[in-house]
>>> print(open('upload11.cif').read())   # mmCIF, C-alpha atoms
data_protein
#
loop_
_atom_site.label_atom_id
_atom_site.label_comp_id
_atom_site.auth_asym_id
_atom_site.auth_seq_id
_atom_site.Cartn_x
_atom_site.Cartn_y
_atom_site.Cartn_z
CA MET A 1 197.13 49.24 71.43
CA ALA A 2 200.03 49.75 73.84
CA LYS A 3 197.54 49.77 76.70
CA LYS A 4 196.01 46.52 75.50
CA GLY A 5 199.46 44.93 75.33
CA MET A 6 200.22 46.04 78.86
CA GLU A 7 196.92 44.65 80.14
CA THR A 8 197.69 41.33 78.49
CA MET A 9 201.11 41.25 80.15
CA VAL A 10 199.55 41.95 83.55
CA GLY A 11 197.00 39.23 82.91
CA LEU A 12 199.79 36.80 82.07
CA PHE A 13 201.67 37.82 85.22
CA VAL A 14 198.63 37.21 87.40
CA LEU A 15 197.97 33.86 85.70
CA LEU A 16 201.61 32.84 86.19
CA GLY A 17 201.43 33.79 89.86
CA MET A 18 198.23 31.80 90.30
CA ALA A 19 199.85 28.83 88.56
CA GLY A 20 202.77 29.11 91.00
CA LEU A 21 200.40 29.06 93.97
CA LEU A 22 198.48 26.15 92.51
CA PHE A 23 201.73 24.25 92.01
CA LEU A 24 202.71 24.90 95.65
CA ALA A 25 199.32 23.77 96.90
CA LEU A 26 198.80 20.68 94.74
CA LYS A 27 202.22 19.33 93.84
CA ALA A 28 204.35 20.55 96.75
CA ALA A 29 201.80 20.32 99.58
CA ASN A 30 198.98 18.07 100.68
CA LEU A 31 195.96 19.70 99.02
CA GLY A 32 195.85 16.93 96.42
CA SER A 33 195.82 14.22 99.08
CA LEU A 34 193.43 15.80 101.57
CA GLY A 35 190.54 13.79 100.24
CA SER A 36 187.01 15.05 99.93
CA GLY A 37 187.00 16.28 103.51
CA ASP A 38 183.98 14.11 104.26
CA THR A 39 185.02 12.29 107.44
CA TYR A 40 183.62 10.73 110.59
CA SER A 41 185.37 10.81 113.94
CA VAL A 42 186.27 7.85 116.14
CA GLN A 43 187.95 7.86 119.54
CA ALA A 44 190.57 5.64 121.08
CA ARG A 45 192.06 5.65 124.59
CA PHE A 46 195.73 4.93 125.08
CA ASP A 47 197.71 4.53 128.31
CA ASN A 48 200.55 6.39 126.65
CA ILE A 49 200.43 8.24 123.36
CA GLY A 50 204.19 8.73 123.13
CA GLY A 51 205.03 11.42 120.57
CA LEU A 52 201.75 11.33 118.67
CA LYS A 53 200.67 14.76 117.46
CA PRO A 54 197.44 16.21 116.10
CA ARG A 55 197.24 15.81 112.30
CA ALA A 56 199.35 12.65 112.39
CA PRO A 57 198.17 10.10 109.82
CA VAL A 58 195.84 7.21 110.61
CA ARG A 59 196.75 4.15 108.58
CA ALA A 60 195.25 0.76 107.98
CA ALA A 61 197.63 -1.77 106.43
CA GLY A 62 199.93 1.16 105.70
CA VAL A 63 197.35 3.05 103.69
CA ASN A 64 196.34 6.53 104.86
CA VAL A 65 192.67 6.50 105.87
CA GLY A 66 192.48 9.62 108.01
CA ARG A 67 194.13 11.99 110.45
CA VAL A 68 194.38 12.53 114.19
CA LYS A 69 192.07 15.42 114.98
CA SER A 70 192.82 16.11 118.62
CA ILE A 71 194.49 14.65 121.67
CA ALA A 72 193.24 15.18 125.22
CA LEU A 73 193.80 13.73 128.67
CA ASP A 74 190.93 11.99 130.42
CA GLY A 75 191.08 13.40 133.96
CA LYS A 76 189.47 10.31 135.54
CA THR A 77 191.34 7.41 134.00
CA PHE A 78 194.48 9.40 133.14
CA GLN A 79 194.48 8.02 129.65
CA GLY A 80 195.18 9.92 126.47
CA VAL A 81 192.02 10.29 124.38
CA VAL A 82 192.85 10.44 120.68
CA THR A 83 190.09 11.61 118.34
CA MET A 84 190.60 10.58 114.72
CA ASP A 85 188.90 11.75 111.56
CA ILE A 86 188.48 8.82 109.19
CA GLU A 87 187.39 9.24 105.61
CA ARG A 88 183.80 8.21 104.87
CA GLY A 89 184.92 5.74 102.25
CA PHE A 90 186.55 3.51 104.87
CA VAL A 91 184.60 1.54 107.47
CA PHE A 92 186.06 -0.72 110.12
CA PRO A 93 184.51 -3.54 112.19
CA LYS A 94 183.50 -2.68 115.76
CA ASP A 95 186.23 -4.79 117.33
CA SER A 96 189.08 -3.23 115.36
CA SER A 97 192.19 -2.34 117.32
CA ALA A 98 194.36 0.77 117.29
CA LYS A 99 198.11 0.92 117.86
CA ILE A 100 200.51 3.80 117.99
CA LEU A 101 203.35 2.94 115.65
CA THR A 102 206.45 4.65 114.33
CA SER A 103 207.25 4.98 110.64
CA GLY A 104 210.86 3.98 110.17
CA LEU A 105 213.39 3.92 112.95
CA LEU A 106 213.20 7.58 113.89
CA GLY A 107 210.15 8.64 111.91
CA ASP A 108 206.90 10.22 112.95
CA GLN A 109 204.34 8.36 115.00
CA TYR A 110 201.00 7.42 113.53
CA VAL A 111 197.93 5.44 114.50
CA GLY A 112 197.67 2.01 112.91
CA LEU A 113 194.21 0.45 112.67
CA GLU A 114 193.84 -3.29 112.47
CA ALA A 115 190.49 -4.56 111.32
CA GLY A 116 188.66 -7.05 113.51
CA GLY A 117 186.03 -9.59 112.57
CA ASP A 118 182.80 -8.08 113.86
CA ASP A 119 179.73 -7.91 111.61
CA GLN A 120 178.94 -4.38 112.69
CA ASN A 121 181.05 -1.40 111.76
CA LEU A 122 182.36 1.46 113.88
CA ALA A 123 180.01 4.42 113.71
CA ALA A 124 180.80 8.08 114.17
CA GLY A 125 181.62 9.03 117.76
CA GLU A 126 182.29 5.46 118.94
CA THR A 127 185.39 4.39 120.84
CA ILE A 128 187.85 1.73 119.79
CA ALA A 129 188.15 -0.65 122.73
CA GLN A 130 191.41 -2.47 122.02
CA THR A 131 194.44 -0.24 121.95
CA GLN A 132 198.16 -0.63 122.25
CA SER A 133 200.20 2.29 123.55
CA ALA A 134 203.26 3.81 122.00
CA VAL A 135 206.56 2.18 122.81
CA VAL A 136 208.51 4.52 125.05
CA LEU A 137 212.22 4.02 124.65
CA GLU A 138 213.03 4.68 128.31
CA ASN A 139 210.55 2.02 129.50
CA LEU A 140 211.96 -0.43 126.98
CA ILE A 141 215.53 0.18 128.15
CA GLY A 142 214.40 0.03 131.77
CA ARG A 143 212.74 -3.35 131.22
CA PHE A 144 215.80 -4.62 129.40
CA LEU A 145 218.11 -3.51 132.20
CA THR A 146 215.98 -5.04 135.00
CA GLY A 147 215.68 -8.22 132.96
CA MET A 148 219.44 -8.38 132.61
CA ALA A 149 219.94 -7.73 136.31
CA SER A 150 217.61 -10.57 137.32
CA ASP A 151 219.29 -12.92 134.83
CA ALA A 152 222.68 -12.09 136.22
CA ALA A 153 221.55 -12.42 139.85
CA VAL A 154 220.61 -16.13 139.72
CA PRO A 155 223.69 -17.78 138.17
CA ALA A 156 226.04 -15.27 139.82
CA GLY A 157 229.50 -15.80 138.46
CA THR A 158 228.67 -18.67 136.10
CA ALA A 159 228.39 -16.48 132.99
CA PRO A 160 231.74 -14.71 133.42
CA SER A 161 233.55 -17.96 134.33
CA GLY A 162 231.92 -19.65 131.33
CA THR A 163 233.35 -17.13 128.93
CA ALA A 164 236.69 -16.53 130.56
CA PRO A 165 238.23 -19.97 129.83
CA GLU A 166 237.12 -19.72 126.22
CA ALA A 167 238.89 -16.41 125.85
CA GLY A 168 241.89 -17.93 127.51
CA ALA A 169 241.81 -21.04 125.32
CA LYS A 170 241.90 -19.00 122.16
CA LYS A 171 245.15 -17.38 123.19
CA MET B 1 219.65 69.91 132.12
CA ASN B 2 220.59 70.39 128.53
CA PHE B 3 220.83 66.64 128.12
CA VAL B 4 217.37 66.08 129.60
CA ALA B 5 215.89 68.71 127.28
CA ARG B 6 217.53 67.10 124.26
CA LEU B 7 216.25 63.67 125.29
CA GLY B 8 212.74 65.09 125.61
CA ALA B 9 212.98 66.84 122.26
CA GLY B 10 214.26 63.66 120.61
CA THR B 11 211.42 61.58 122.10
CA LEU B 12 208.80 64.09 121.03
CA GLU B 13 210.29 64.24 117.55
CA GLN B 14 210.20 60.43 117.33
CA PHE B 15 206.54 60.31 118.35
CA ARG B 16 205.72 63.12 115.93
CA GLY B 17 207.35 61.11 113.16
CA TRP B 18 205.36 57.97 114.01
CA GLY B 19 202.15 59.93 114.24
CA HIS B 20 202.86 61.55 110.89
CA ALA B 21 203.50 58.17 109.28
CA ALA B 22 200.35 56.72 110.85
CA PHE B 23 198.21 59.57 109.51
CA PHE B 24 199.81 59.12 106.09
CA PHE B 25 199.00 55.40 106.21
CA PHE B 26 195.33 55.92 107.13
CA ASP B 27 194.93 58.67 104.52
CA LEU B 28 196.36 56.23 102.01
CA LEU B 29 193.93 53.49 103.05
CA ARG B 30 191.05 55.92 102.75
CA ALA B 31 192.13 56.72 99.19
CA VAL B 32 192.10 53.04 98.14
CA PRO B 33 188.37 52.70 97.24
CA ALA B 34 188.52 55.82 95.04
CA SER B 35 191.51 54.46 93.13
CA LEU B 36 189.84 51.07 92.62
CA ARG B 37 187.21 52.86 90.55
CA ARG B 38 189.94 53.80 88.06
CA PHE B 39 191.23 50.30 87.63
CA GLY B 40 193.39 51.14 84.62
CA LEU B 41 195.79 52.97 86.91
CA VAL B 42 196.11 49.91 89.15
CA VAL B 43 196.78 47.64 86.16
CA ALA B 44 199.52 49.99 84.98
CA GLN B 45 201.11 49.85 88.43
CA ILE B 46 200.94 46.04 88.62
CA HIS B 47 202.76 46.06 85.32
CA ALA B 48 205.42 48.46 86.62
CA ILE B 49 205.83 46.78 90.00
CA GLY B 50 205.02 43.12 89.35
CA ASN B 51 205.83 42.31 85.75
CA ARG B 52 209.12 44.15 85.77
CA SER B 53 210.26 42.41 88.98
CA LEU B 54 209.53 39.00 87.51
CA VAL B 55 212.95 38.31 86.00
CA ILE B 56 214.97 39.10 89.12
CA ILE B 57 212.55 37.14 91.31
CA LEU B 58 212.58 34.05 89.08
CA ALA B 59 216.36 34.12 88.66
CA SER B 60 216.95 34.49 92.40
CA GLY B 61 214.41 31.80 93.27
CA LEU B 62 216.03 29.34 90.91
CA ALA B 63 219.49 30.11 92.30
CA VAL B 64 218.31 29.77 95.91
CA GLY B 65 216.65 26.43 95.08
CA PHE B 66 219.81 25.11 93.41
CA VAL B 67 222.10 26.13 96.25
CA LEU B 68 219.78 24.97 99.04
CA ALA B 69 219.46 21.56 97.41
CA LEU B 70 223.22 21.18 97.02
CA GLN B 71 223.99 22.23 100.59
CA MET B 72 221.17 20.24 102.18
CA TYR B 73 222.22 17.14 100.27
CA TYR B 74 225.69 17.44 101.77
CA ALA B 75 224.25 17.44 105.29
CA LEU B 76 221.42 14.95 104.73
CA VAL B 77 223.34 12.24 102.93
CA ALA B 78 225.34 11.64 106.14
CA TYR B 79 222.09 10.48 107.80
CA GLY B 80 220.82 8.56 104.81
CA ALA B 81 217.95 11.01 104.47
CA ALA B 82 218.67 12.46 101.03
CA GLU B 83 215.03 11.80 100.07
CA SER B 84 213.95 14.50 102.53
CA LEU B 85 215.83 17.08 100.48
CA GLY B 86 212.70 18.26 98.75
CA LEU B 87 210.82 18.57 102.03
CA ILE B 88 213.49 20.75 103.64
CA VAL B 89 213.87 22.99 100.60
CA ASN B 90 210.10 23.23 100.31
CA LEU B 91 209.52 24.20 103.95
CA ALA B 92 212.44 26.65 103.95
CA LEU B 93 211.17 28.34 100.80
CA VAL B 94 207.45 28.32 101.46
CA ARG B 95 207.63 29.37 105.11
CA GLU B 96 210.58 31.74 105.21
CA LEU B 97 212.84 32.32 102.24
CA GLY B 98 210.12 32.76 99.63
CA PRO B 99 208.31 35.62 101.36
CA VAL B 100 211.42 37.18 102.95
CA VAL B 101 213.94 37.06 100.10
CA ALA B 102 211.31 37.97 97.54
CA ALA B 103 210.31 40.94 99.73
CA LEU B 104 213.92 42.07 100.15
CA LEU B 105 214.40 41.90 96.38
CA PHE B 106 211.06 43.61 95.94
CA ALA B 107 212.18 46.47 98.21
CA GLY B 108 215.35 46.82 96.16
CA ARG B 109 213.76 46.47 92.77
CA ALA B 110 210.30 48.04 93.09
CA GLY B 111 210.45 50.02 96.34
CA THR B 112 213.35 52.18 95.20
CA SER B 113 211.73 52.98 91.88
CA LEU B 114 208.51 53.97 93.68
CA THR B 115 210.38 56.27 96.06
CA ALA B 116 212.41 57.87 93.28
CA GLU B 117 209.32 58.34 91.12
CA ILE B 118 207.19 59.90 93.87
CA GLY B 119 210.17 61.88 95.15
CA LEU B 120 210.83 63.42 91.75
CA MET B 121 207.13 64.15 91.34
CA LYS B 122 207.32 66.02 94.60
CA ALA B 123 210.58 67.75 93.71
CA GLY B 124 209.05 68.85 90.40
CA GLU B 125 206.01 70.09 92.35
CA GLN B 126 203.71 67.85 90.31
CA LEU B 127 201.99 66.65 93.49
CA ALA B 128 201.42 70.25 94.61
CA ALA B 129 200.06 71.09 91.14
CA MET B 130 197.59 68.20 91.40
CA GLU B 131 196.36 69.44 94.74
CA LEU B 132 195.84 72.90 93.20
CA MET B 133 193.65 71.26 90.57
CA ALA B 134 191.66 69.62 93.39
CA ILE B 135 192.98 66.15 92.47
CA ASP B 136 193.98 64.17 95.53
CA PRO B 137 197.50 62.89 94.78
CA LYS B 138 197.02 60.12 97.33
CA ALA B 139 194.06 58.74 95.37
CA ARG B 140 195.45 59.44 91.92
CA VAL B 141 199.15 58.57 92.39
CA LEU B 142 199.82 56.74 95.65
CA ALA B 143 196.86 54.40 96.19
CA PRO B 144 197.13 52.61 92.80
CA ARG B 145 200.79 51.92 93.61
CA LEU B 146 199.82 50.56 97.02
CA ILE B 147 197.30 48.15 95.50
CA GLY B 148 199.80 47.20 92.81
CA GLY B 149 202.37 46.34 95.48
CA ILE B 150 199.96 44.34 97.62
CA VAL B 151 198.72 42.36 94.62
CA SER B 152 202.15 41.76 93.10
CA MET B 153 204.09 40.71 96.19
CA PRO B 154 202.22 37.45 97.04
CA LEU B 155 202.32 36.39 93.39
CA LEU B 156 206.05 37.08 93.20
CA ALA B 157 206.72 35.24 96.47
CA ALA B 158 204.70 32.23 95.28
CA LEU B 159 206.65 32.17 92.03
CA PHE B 160 209.92 32.48 93.96
CA SER B 161 209.05 29.42 96.08
CA ALA B 162 207.69 27.45 93.14
CA ILE B 163 210.71 27.98 90.92
CA GLY B 164 213.01 27.35 93.91
CA ILE B 165 211.38 23.95 94.45
CA LEU B 166 211.68 23.19 90.74
CA GLY B 167 215.36 24.20 90.94
CA ALA B 168 215.83 21.87 93.89
CA TRP B 169 214.12 19.13 91.89
CA VAL B 170 216.57 19.63 89.01
CA VAL B 171 219.57 19.40 91.33
CA ALA B 172 218.25 16.56 93.50
CA VAL B 173 216.67 14.34 90.85
CA GLN B 174 218.61 15.14 87.68
CA LEU B 175 222.09 15.77 89.06
CA ILE B 176 222.28 13.84 92.33
CA GLY B 177 219.89 11.02 91.53
CA VAL B 178 217.37 11.22 94.38
CA ASP B 179 214.22 9.32 93.48
CA SER B 180 211.68 11.65 91.91
CA GLY B 181 208.65 9.90 93.41
CA ASN B 182 210.06 10.12 96.94
CA PHE B 183 211.04 13.74 96.40
CA TRP B 184 207.42 14.73 95.76
CA SER B 185 205.60 12.29 98.01
CA ILE B 186 207.50 13.24 101.17
CA MET B 187 206.59 16.87 100.48
CA GLN B 188 202.97 15.99 99.92
CA THR B 189 202.67 14.12 103.20
CA ARG B 190 204.52 16.64 105.36
CA VAL B 191 203.76 20.10 103.94
CA ASP B 192 200.35 21.41 104.87
CA VAL B 193 198.47 23.65 102.49
CA TRP B 194 196.97 25.97 105.10
CA ARG B 195 199.64 25.94 107.73
CA ASP B 196 202.69 26.26 105.47
CA VAL B 197 201.63 27.56 102.07
CA GLY B 198 198.77 29.64 103.50
CA ASN B 199 200.86 31.27 106.22
CA GLY B 200 203.63 31.97 103.71
CA LEU B 201 201.05 33.73 101.58
CA VAL B 202 199.86 35.80 104.55
CA LYS B 203 203.46 36.76 105.24
CA SER B 204 204.08 37.87 101.68
CA ILE B 205 200.92 40.01 101.67
CA ALA B 206 202.09 41.68 104.90
CA PHE B 207 205.55 42.28 103.42
CA GLY B 208 204.04 43.69 100.23
CA LEU B 209 202.07 46.16 102.33
CA ILE B 210 205.13 47.12 104.38
CA CYS B 211 207.45 47.55 101.37
CA THR B 212 205.01 49.64 99.38
CA VAL B 213 203.90 51.87 102.25
CA VAL B 214 207.50 52.54 103.30
CA ALA B 215 208.52 53.32 99.72
CA LEU B 216 205.54 55.64 99.16
CA TYR B 217 206.01 57.41 102.49
CA GLN B 218 209.70 58.00 101.88
CA GLY B 219 208.97 59.35 98.42
CA TYR B 220 206.11 61.53 99.60
CA GLU B 221 208.07 63.02 102.49
CA THR B 222 211.35 63.47 100.64
CA GLU B 223 213.19 66.76 100.61
CA ALA B 224 212.68 68.34 97.22
CA THR B 225 216.34 68.19 96.22
CA PRO B 226 218.45 65.64 94.32
CA GLU B 227 220.23 64.72 97.59
CA GLY B 228 216.87 64.43 99.30
CA VAL B 229 215.59 61.94 96.71
CA ALA B 230 218.84 59.96 96.87
CA TYR B 231 218.63 59.84 100.67
CA ALA B 232 214.96 58.83 100.60
CA THR B 233 215.69 56.00 98.15
CA THR B 234 218.42 54.65 100.40
CA ARG B 235 216.18 54.90 103.44
CA THR B 236 213.46 52.97 101.60
CA VAL B 237 215.70 49.94 101.21
CA VAL B 238 217.09 50.10 104.75
CA ILE B 239 213.77 50.68 106.51
CA SER B 240 211.84 48.15 104.39
CA SER B 241 214.48 45.48 104.95
CA LEU B 242 214.55 45.99 108.71
CA TRP B 243 210.76 45.98 108.89
CA ILE B 244 210.57 42.80 106.80
CA LEU B 245 213.10 40.97 108.95
CA GLY B 246 211.49 42.15 112.19
CA MET B 247 207.96 41.33 111.06
CA ASP B 248 209.12 37.97 109.77
CA PHE B 249 210.34 37.04 113.23
CA ILE B 250 207.06 38.12 114.82
CA LEU B 251 204.92 36.36 112.20
CA THR B 252 207.02 33.17 112.40
CA ALA B 253 206.67 33.17 116.18
CA LEU B 254 202.90 33.54 115.84
CA MET B 255 202.45 31.03 113.01
CA PHE B 256 204.98 28.27 113.56
CA SER B 257 205.83 28.29 117.26
CA THR B 258 203.87 25.09 117.90
CA PRO B 259 205.43 22.04 116.21
#
>>> encode(input="upload11.cif", output="structure tokens")
Amino acid sequence: MAKKGMETMVGLFVLLGMAGLLFLALKAANLGSLGSGDTYSVQARFDNIGGLKPRAPVRAAGVNVGRVKSIALDGKTFQGVVTMDIERGFVFPKDSSAKILTSGLLGDQYVGLEAGGDDQNLAAGETIAQTQSAVVLENLIGRFLTGMASDAAVPAGTAPSGTAPEAGAKK
Amino acid sequence: MNFVARLGAGTLEQFRGWGHAAFFFFDLLRAVPASLRRFGLVVAQIHAIGNRSLVIILASGLAVGFVLALQMYYALVAYGAAESLGLIVNLALVRELGPVVAALLFAGRAGTSLTAEIGLMKAGEQLAAMELMAIDPKARVLAPRLIGGIVSMPLLAALFSAIGILGAWVVAVQLIGVDSGNFWSIMQTRVDVWRDVGNGLVKSIAFGLICTVVALYQGYETEATPEGVAYATTRTVVISSLWILGMDFILTALMFSTP
């Protein structure tokens, strides 16, 4: 009888441990949201992929439809080739476009798909033609600075003199 | 000259010790199939090693979850990222703290009792008596404990992480007022089952093996005196802990070095 009781306790312990693992996998990790695993892969070429990483989400209208499978560099065109796994349940027109976007101000980067208007849908292995690269902060700042410099060069002196009297008038 | 001779003797002694431990380990592995045939012994050991460690593991996990959540909130709220609390606690527990802290507790709670038990069996010449009766003590006594340790440790580590996350949920959602939906959904998008939970599980299995083998070896090789058993028990905790911490660094470097 004592042996039976002990075996029951061990059984309960093992069940509890399994329940803990199941909780970690389903509630505290992404097993519940992995989908059926039935996907098809689509490629897109970007001039600059920014900080995109493998396994980053692919979203359409903000809804997760797949994941980035792999990222490679095309040695001929020097473009980043992003291969995405998209769930079978979602199909997109052939002329859909792909953008690399950022979630939030400092969040992770993801691929945003925007549906086009074509009658035919993207099939497995096809390439999305229209892409928009990631926004690189340094380029953005560089463009802003050169833009400011060219603005300042033409009306040299007018902007400072325009503001100086105002500041003086307020005194 | 004397110094050189002593250095040589020390080196040889060290290698002899490692070789001895390695032979012990492989003998133990060879005894595992035989002990699986008498499964009742294994069940009894899971009860002694796993069930009886449950309370300390659950209590510690809950405390670690509480404290992590409180401290992380303090740092995160400055960046307006209090919602990520659950994610940070989850990753810290599942990847590192769950396996490591549970294994350290396991070495203290179960490893010591294994060493003392085997050590006293040896001191009382029970192991020698078994050998005289042509019963292999490795198969009859040691191997069931090894399997018990390897089975129990991952379950205990998983429970440690799970209850830690629940503890963090209590602090974050009930006390601080973080949104419950965000707490879970950020985890679910950022924690990967195979990479994070799976690797944590692999770690805890490795630590279970290390803890149990160290404890059994120290008990089996103890001097047959009360001081010898006391010394072996202490060494079990020290050696297991150092091995766990060292292996954790190596495993983390292998598993999580790429972002």
>>> resolve_selection(input="upload11.cif", expression="the PyMOL selection byres ((chain B and resi 190-206) around 9)", output="VMD selection string")
(chain A and resid 21 24 to 26 28 to 31) or (chain B and resid 87 90 to 91 93 to 96 98 to 100 102 to 103 149 to 158 185 to 189 207 to 211 244 247 to 248 251 to 252 255 to 256)
>>> residues_near_point(input="upload11.cif", point="(211.6, 54.7, 92.6)", cutoff="10 Å", atoms="only C-alpha atoms", output="VMD selection string")
chain B and resid 107 to 120 215 to 216 219 229 to 230 232 to 233 236
>>> closest_atom_pairs(input="upload11.cif", of="chain A", to="chain B", cutoff="10 Å", atoms="all atoms listed in the file", output="Markdown table")
| residue | atom | partner | partner_atom | distance |
| --- | --- | --- | --- | --- |
| A:Lys3 | CA | B:Ala44 | CA | 8.5 |
| A:Met6 | CA | B:His47 | CA | 6.9 |
| A:Glu7 | CA | B:Val43 | CA | 6.7 |
| A:Thr8 | CA | B:His47 | CA | 9.7 |
| A:Met9 | CA | B:His47 | CA | 7.3 |
| A:Val10 | CA | B:His47 | CA | 5.5 |
| A:Gly11 | CA | B:Val43 | CA | 9.0 |
| A:Leu12 | CA | B:Asn51 | CA | 9.0 |
| A:Phe13 | CA | B:Asn51 | CA | 6.1 |
| A:Val14 | CA | B:Leu155 | CA | 7.1 |
| A:Leu15 | CA | B:Leu155 | CA | 9.2 |
| A:Leu16 | CA | B:Leu159 | CA | 7.7 |
| A:Gly17 | CA | B:Leu155 | CA | 4.5 |
| A:Met18 | CA | B:Leu155 | CA | 6.9 |
| A:Ala19 | CA | B:Leu159 | CA | 8.3 |
| A:Gly20 | CA | B:Leu159 | CA | 5.0 |
| A:Leu21 | CA | B:Ala158 | CA | 5.5 |
| A:Leu22 | CA | B:Ala158 | CA | 9.1 |
| A:Phe23 | CA | B:Ala162 | CA | 6.9 |
| A:Leu24 | CA | B:Ala162 | CA | 6.1 |
| A:Ala25 | CA | B:Val193 | CA | 5.7 |
| A:Leu26 | CA | B:Gln188 | CA | 8.1 |
| A:Lys27 | CA | B:Gln188 | CA | 7.0 |
| A:Ala28 | CA | B:Met187 | CA | 5.7 |
| A:Ala29 | CA | B:Gln188 | CA | 4.5 |
| A:Asn30 | CA | B:Gln188 | CA | 4.6 |
| A:Leu31 | CA | B:Val193 | CA | 5.8 |
| A:Gly32 | CA | B:Gln188 | CA | 8.0 |
| A:Ser33 | CA | B:Gln188 | CA | 7.4 |
| A:Leu34 | CA | B:Val193 | CA | 9.4 |
| A:Lys53 | CA | B:Pro259 | CA | 8.8 |
| A:Pro54 | CA | B:Pro259 | CA | 9.9 |
| A:Arg55 | CA | B:Asp192 | CA | 9.8 |
| A:Ala56 | CA | B:Arg190 | CA | 9.6 |
| A:Pro57 | CA | B:Thr189 | CA | 9.0 |
>>> resolve_selection(input="upload11.cif", expression="the PyMOL selection byres ((chain A and resi 131) around 6)", output="ChimeraX atom specification")
/A:97-99,130,132
>>> write_last_selection(input="upload11.cif", atoms="C-alpha atoms", output="PDB file, keeping the file's coordinate frame")
ATOM      1  CA  SER A  97     192.190  -2.340 117.320  1.00  0.00           C
ATOM      2  CA  ALA A  98     194.360   0.770 117.290  1.00  0.00           C
ATOM      3  CA  LYS A  99     198.110   0.920 117.860  1.00  0.00           C
ATOM      4  CA  GLN A 130     191.410  -2.470 122.020  1.00  0.00           C
ATOM      5  CA  GLN A 132     198.160  -0.630 122.250  1.00  0.00           C
TER       6      GLN A 132
END
>>> resolve_selection(input="upload11.cif", expression="the PyMOL selection byres ((chain A and resi 71) around 10)", output="list in words")
Gln43, Ala44, Arg45, Ile49, Leu52, Lys53, Pro54, Arg55, Val68, Lys69, Ser70, Ala72, Leu73, Asp74, Gly80, Val81, Val82, Thr83 and Met84 of chain A
>>> atom_distance(input="upload11.cif", atom1="CA of Thr102 (chain A)", atom2="CA of Gly125 (chain A)")
25.4 Å
>>> atom_distance(input="upload11.cif", atom1="CA of Ala81 (chain B)", atom2="CA of Gly51 (chain A)")
20.6 Å
>>> atom_distance(input="upload11.cif", atom1="CA of Trp18 (chain B)", atom2="CA of Ser240 (chain B)")
15.2 Å
>>> closest_residue(input="upload11.cif", among="A:Gly66, A:Gly147, A:Gly142, A:Gly75", to="Leu113 (chain A)", atoms="all atoms listed in the file")
A:Gly66
>>> closest_residue(input="upload11.cif", among="B:Ala31, B:Ala63, B:Val170, B:Ile56", to="Pro137 (chain B)", atoms="only C-alpha atoms")
B:Ala31
>>> closest_residue(input="upload11.cif", among="B:Ile135, B:Ala224, B:Val55, B:Leu242", to="Met121 (chain B)", atoms="only C-alpha atoms")
B:Ala224
>>> axis_aligned_box(input="upload11.cif", around="region 121-127 of chain B", padding_each_side="8 Å", output="AutoDock Vina command-line options")
--center_x 206.3 --center_y 67.1 --center_z 92.5 --size_x 24.6 --size_y 21.9 --size_z 20.3
>>> residues_around(input="upload11.cif", residues="Phe26 (chain B)", least_positions_apart="5", cutoff="12 Å", atoms="all atoms listed in the file", output="compact mmCIF listing (two decimals) with C-alpha atoms, keeping the file's coordinate frame")
# COMPACT_ATOMS: atom_id res chain seq x y z
CA GLY B 19 202.15 59.93 114.24
CA HIS B 20 202.86 61.55 110.89
CA ALA B 21 203.50 58.17 109.28
CA ALA B 31 192.13 56.72 99.19
CA VAL B 32 192.10 53.04 98.14
CA LYS B 138 197.02 60.12 97.33
CA ALA B 143 196.86 54.40 96.19
CA VAL B 213 203.90 51.87 102.25
CA TYR B 217 206.01 57.41 102.49
>>> residues_around(input="upload11.cif", residues="Ala134 (chain A)", least_positions_apart="5", cutoff="6 Å", atoms="all atoms listed in the file", output="JSON, numbers by chain")
{"A": [48, 49, 50, 100]}
>>> residues_around(input="upload11.cif", residues="Leu41 (chain B)", least_positions_apart="3", cutoff="9 Å", atoms="only C-alpha atoms", output="compact mmCIF listing (two decimals) with C-alpha atoms, keeping the file's coordinate frame")
# COMPACT_ATOMS: atom_id res chain seq x y z
CA SER B 35 191.51 54.46 93.13
CA LEU B 36 189.84 51.07 92.62
CA ARG B 38 189.94 53.80 88.06
CA ALA B 44 199.52 49.99 84.98
CA GLN B 45 201.11 49.85 88.43
CA ILE B 46 200.94 46.04 88.62
CA ARG B 140 195.45 59.44 91.92
CA VAL B 141 199.15 58.57 92.39
CA PRO B 144 197.13 52.61 92.80
CA ARG B 145 200.79 51.92 93.61
>>> residues_around(input="upload11.cif", residues="Gly89 (chain A)", least_positions_apart="5", cutoff="9 Å", atoms="all atoms listed in the file", output="PyMOL selection string")
chain A and resi 38-39+65
>>> build_atoms(input="upload11.cif", residues="region 69-73 of chain A", atoms="N, CA and C atoms", output="short mmCIF file (atom, residue, chain, number, x, y, z; two decimals), keeping the file's coordinate frame")
data_model
loop_
_atom_site.label_atom_id
_atom_site.label_comp_id
_atom_site.auth_asym_id
_atom_site.auth_seq_id
_atom_site.Cartn_x
_atom_site.Cartn_y
_atom_site.Cartn_z
N LYS A 69 192.68 14.09 114.89
CA LYS A 69 192.07 15.42 114.98
C LYS A 69 192.54 16.14 116.24
N SER A 70 192.42 15.45 117.38
CA SER A 70 192.82 16.11 118.62
C SER A 70 193.25 15.06 119.63
N ILE A 71 194.02 15.52 120.61
CA ILE A 71 194.49 14.65 121.67
C ILE A 71 194.17 15.33 122.99
N ALA A 72 193.58 14.59 123.92
CA ALA A 72 193.24 15.18 125.22
C ALA A 72 193.54 14.17 126.30
N LEU A 73 193.58 14.64 127.55
CA LEU A 73 193.80 13.73 128.67
C LEU A 73 192.48 13.54 129.40
#
